[in-house]
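I have placed the structure first, in the form of structure tokens, so that the comments after it can refer back to it.
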Amino acid sequence: MDRRMGARMVKRVLMIAFHFPPLRGSSGIQRTLKFAQYLPALGWQPLVLSAHPRVYENQGPDQMKEIPSEAIVHRAFALDTRRHLSFRNRYVGWMALPDRWVSWCLGAVPTGLRLVRRYKPQVLWSTYPIATANLIAYFLHKLTGLPWVADLRDPMTDVDYPSNPVTRKVYRWIEDRTVENCTVAVCTTPGAIVTYTKRYPHIPASRFTLIENGYDEENFTDAARAAASFQRPPGRPFTLIHSGVIYPSERDPVPLFEALSDLQRTGEVTPQRLHIVLRATGHDDYLAGLIDRYNIGSLVSLAPHIAYRDALTEMLTADGLLVLQATNCNHQIPAKLYEYLRARRPILALTDTIGDTAAALRSAGIDTIAPLDDKEGIKAGLLHFLRQAEAGQAPLATSAAVAGASRRARTAELGRLLDHITATAHAKRPVTQGSTEEV
């Protein structure tokens with residue numbers, strides 16, 4: 001670390017995050033990585049406590065160079081229960097509670113304590129959706145007394161999530177401990193805050209705050225250089241890209257596939273007019289079966305994971321971008337949406353019109369929205385979108401919406417929050433005569 005930077009930074013935050021390079025394929029990586037990248041400029045040194053890379057099924061060096069030199073990264077012992085502790089791919093259920101990476105606790109808690117003793121961070125920060133991360137932070141908070149920012153992002157539990165009742169009970173226990181003990185709980189959507197304030201009416205509403213996801217301008221600058229040489233092949237059909245995981249329950253594509261099957265049969269959509277690419281779905285086998293069942297292989301294709309910058313380049317050169325978000329996720333916004341907005345390409349959103357995803361799109365000036373769970377609504381919405389896009393009239397994200405969603409802007413929000421927490425903690429700390437404070 002640069003000595004001048006180290007001398008200037010007297011504040012440190014211990015960041016507990018499972019999703020961190022060399023893991024790839026998850027949009028959650030960007031949240032922690034970009035916070036770590038931009039916090040040093042705000043006077044905060046990130047201490048990142050992540051998991052040993054052996055637990056990552058999909059890993060690569062794509063974004064390792066983006067980890068800032070100021071960051072101190074420790075990767076604690078962790079195993080994946082399914083891959084490392086199973087026999088013939090079977091294991092006892094309690095070995096994966098709350099998730100398959102619960103063994104991370106065994107390495108992360110003692111490693112975290114060593115980091116606290118050595119570097120004396122002022123704040124703990126943990127980020128979901130790996131429930132074990134919040135469990136680790138809870139233990140460290142109890143053992144050290146440090147203020148704790150719980151980056152919940154989305155609610156940990158719902159009426160039917162997790163689907164397994166035992167897992168849901170464990171998740172709810174961790175969620176209760178998190179909300180009741182953290183200093184601040186950060187959500188990424190207004191709907192998530194509403195959910196939590198209703199679920200925990202005895203907790204002050206001021207404990208919940210909003211820091212949305214975003215996009216990184218530097219990554220897009222690199223991707224734009226590659227996109228500048230792109231030439232659209234003559235005769236290429238309108239290419240609609242969905243980039244990222246398609247969860248069978250939260251982003252069920254069956255009504256879309258049914259709509260495409262109908263439109264193909266009537267001749268309103270042909271392979272010469274439309275091609276949908278589903279990139280890095282995480283559930284290719286399931287989706288391939290559906291594509292065969294509905295006989296839409298000439299309209300829809302599956303594509304493998306590619307490097308993050310290449311995925312951004314693909315967004316910039318696509319004719320349109322596809323959002324899938326089910327009604328049961330109305331209080332969530334896909335992190336990928338903010339990158340879609342920055343790409344300034346036409347967006348077709350298949351989601352509930354009253355959910356947070358639709359609200360974010362309308363706020364950005366985009367109204368090409370149709371319900372994900374309604375075949376007829378999809379047919380009408382897709383044809384309307386295609387007509388607008390083919391005529392060059394599809395709405396694009398406004399400049400103001402794009403500017404406000406940058407990762408730098410989001411990190412500035414986090415920096416102000418950390419400053420406020422440390423200032424408040426300092427003000428409450430009793431002062432004894434002649435005492436000195438180590439920095």
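To be explicit about the labels: the chains of the structure tokens are called A, B, and onward in the order shown, and within each one the residues are counted from 1, while ligands get numbers from 1 in the order they are shown.
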
Residues within 6 Å of stretch 24-36 of chain A, please, as a ChimeraX atom specification. Count only C-alpha atoms; anything in the same chain fewer than 2 positions from it doesn't count. /A:19-20,38-39,46,58-59,411

Hey, what's within 7 Å of stretch 261-269 of chain A if we count only C-alpha atoms and toss same-chain stuff fewer than 4 positions away? As a VMD selection string, please? chain A and resid 257 273 to 274 294 to 296

Would you save the residues from that selection as a compact mmCIF listing (two decimals), in the first residue's frame, using C-alpha atoms?
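Written file, again.txt:
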# COMPACT_ATOMS: atom_id res chain seq x y z
CA PHE A 257 -41.54 -19.27 -24.32
CA ARG A 273 -36.97 -10.87 -37.35
CA LEU A 274 -35.92 -11.82 -33.80
CA TYR A 294 -41.90 -25.21 -27.22
CA ASN A 295 -39.98 -25.71 -30.48
CA ILE A 296 -38.43 -22.25 -30.37

I'd like the contact shell of A:Pro304 - 8 Å cut-off, only C-alpha atoms, skipping same-chain residues fewer than 5 positions apart - returned as a PyMOL selection string. chain A and resi 279-281

Keeping only C-alpha atoms, write the selected residues to a file as an mmCIF file, in the first residue's frame.
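File produced: part20.cif:
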data_model
loop_
_atom_site.group_PDB
_atom_site.id
_atom_site.type_symbol
_atom_site.label_atom_id
_atom_site.label_comp_id
_atom_site.auth_asym_id
_atom_site.auth_seq_id
_atom_site.Cartn_x
_atom_site.Cartn_y
_atom_site.Cartn_z
ATOM 1 C CA ARG A 279 -26.272 -15.546 -21.721
ATOM 2 C CA ALA A 280 -24.852 -17.371 -18.649
ATOM 3 C CA THR A 281 -28.225 -18.502 -17.312
#

Find the spatial neighbours of A:Ala401, counting only C-alpha atoms, within a cut-off of 9 Å - ignore same-chain residues fewer than 6 positions away - and output them as a ChimeraX atom specification. /A:341-342,363-365

May I have the selected residues written with N, CA and C atoms, as an mmCIF file, in the first residue's frame?
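Final output, saved to part_20.cif:
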data_model
loop_
_atom_site.group_PDB
_atom_site.id
_atom_site.type_symbol
_atom_site.label_atom_id
_atom_site.label_comp_id
_atom_site.auth_asym_id
_atom_site.auth_seq_id
_atom_site.Cartn_x
_atom_site.Cartn_y
_atom_site.Cartn_z
ATOM 1 N N LEU A 341 -29.205 0.091 -18.062
ATOM 2 C CA LEU A 341 -29.501 1.520 -18.219
ATOM 3 C C LEU A 341 -28.292 2.262 -18.791
ATOM 4 N N ARG A 342 -27.100 1.934 -18.258
ATOM 5 C CA ARG A 342 -25.883 2.604 -18.729
ATOM 6 C C ARG A 342 -25.586 2.262 -20.185
ATOM 7 N N SER A 363 -38.842 5.503 -13.841
ATOM 8 C CA SER A 363 -38.101 6.663 -13.351
ATOM 9 C C SER A 363 -36.967 7.036 -14.304
ATOM 10 N N ALA A 364 -36.435 6.041 -15.015
ATOM 11 C CA ALA A 364 -35.359 6.282 -15.976
ATOM 12 C C ALA A 364 -35.896 6.636 -17.361
ATOM 13 N N GLY A 365 -37.222 6.701 -17.513
ATOM 14 C CA GLY A 365 -37.821 7.092 -18.791
ATOM 15 C C GLY A 365 -38.173 5.938 -19.705
#

My list of candidates is A:Leu97, A:Ala192, A:Ile203, A:Leu42. Which is closest to A:Arg172 when distances are computed with only C-alpha atoms? A:Leu97

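Taking only C-alpha atoms, the non-local environment of A:Leu14 within 9 Å (same-chain residues fewer than 2 positions away omitted) comprises Arg12, Ile16, Gln45, Pro46, Leu47, Val48, Leu49, Gly112, Leu115, Val116, Pro121, Gln122, Val123, Leu124, Trp125 and Ser126 of chain A.
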
Residues of the last selection are to be written out with C-alpha atoms, as a PDB file, in the first residue's frame.
ATOM      1  CA  ARG A  12     -10.896   1.032   8.191  1.00  0.00           C
ATOM      2  CA  ILE A  16     -17.297  -9.707   4.989  1.00  0.00           C
ATOM      3  CA  GLN A  45      -9.335   1.425   3.816  1.00  0.00           C
ATOM      4  CA  PRO A  46     -11.184  -1.837   2.994  1.00  0.00           C
ATOM      5  CA  LEU A  47     -10.231  -5.027   4.813  1.00  0.00           C
ATOM      6  CA  VAL A  48     -11.932  -7.760   2.812  1.00  0.00           C
ATOM      7  CA  LEU A  49     -12.695 -11.047   4.527  1.00  0.00           C
ATOM      8  CA  GLY A 112     -11.824 -11.751  11.431  1.00  0.00           C
ATOM      9  CA  LEU A 115      -7.858  -8.673  11.503  1.00  0.00           C
ATOM     10  CA  VAL A 116      -9.683  -6.633  14.160  1.00  0.00           C
ATOM     11  CA  PRO A 121     -11.299  -1.288  11.956  1.00  0.00           C
ATOM     12  CA  GLN A 122     -13.979   1.147  13.063  1.00  0.00           C
ATOM     13  CA  VAL A 123     -16.902  -0.680  11.397  1.00  0.00           C
ATOM     14  CA  LEU A 124     -17.986  -4.167  10.305  1.00  0.00           C
ATOM     15  CA  TRP A 125     -19.808  -4.531   6.977  1.00  0.00           C
ATOM     16  CA  SER A 126     -21.363  -7.747   5.697  1.00  0.00           C
TER      17      SER A 126
END

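The residues of stretch 245-285 of chain A that DSSP classifies as strand (DSSP E or B), using the backbone of this structure, are Leu274, His275, Ile276, Val277, Leu278 and Arg279 of chain A.
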
Restricting the output to C-alpha atoms, write the selected residues as a short mmCIF file (atom, residue, chain, number, x, y, z; two decimals), in the first residue's frame.
data_model
loop_
_atom_site.label_atom_id
_atom_site.label_comp_id
_atom_site.auth_asym_id
_atom_site.auth_seq_id
_atom_site.Cartn_x
_atom_site.Cartn_y
_atom_site.Cartn_z
CA LEU A 274 -35.92 -11.82 -33.80
CA HIS A 275 -33.18 -13.75 -32.01
CA ILE A 276 -33.08 -13.94 -28.20
CA VAL A 277 -29.75 -14.82 -26.56
CA LEU A 278 -29.82 -16.08 -22.96
CA ARG A 279 -26.27 -15.55 -21.72
#

Give one line per residue of stretch 147-246 of chain A that approaches stretch 376-392 of chain A to at most 12 Å, naming the two atoms of the closest pair and their distance in Å to one decimal, counting only C-alpha atoms; sort by chain then ascending residue number and deliver it as CSV.
residue,atom,partner,partner_atom,distance
A:Pro237,CA,A:Glu390,CA,10.4
A:Phe238,CA,A:Glu390,CA,8.0
A:Thr239,CA,A:Leu386,CA,10.5
A:Leu240,CA,A:Leu386,CA,10.0

Using only C-alpha atoms, find the one residue out of A:Ala133, A:Val194, A:Leu290, A:Ala423 that sits nearest to A:Tyr171.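 When distances to A:Tyr171 are compared using only C-alpha atoms, the smallest one comes from A:Ala133.
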
Show which residues sit within 9 Å of A:Glu314, as a JSON list (two decimals) with C-alpha atoms, in the first residue's frame. Count only C-alpha atoms, and ignore same-chain residues fewer than 6 positions away.
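The resulting file, result-v7.json, is reproduced below:
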[["chain", "number", "residue", "atom", "x", "y", "z"],
["A", 223, "ALA", "CA", -16.02, -2.14, -22.98],
["A", 227, "ALA", "CA", -17.58, -2.04, -28.96],
["A", 241, "ILE", "CA", -29.86, -10.20, -24.92],
["A", 243, "SER", "CA", -27.29, -11.36, -19.51]]

Mind giving me the straight-line distance from atom CA of A:Cys105 to atom CA of A:Cys329 in Å, one decimal?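 Atom-to-atom, atom CA of A:Cys105 and atom CA of A:Cys329 are spaced 28.8 Å apart.
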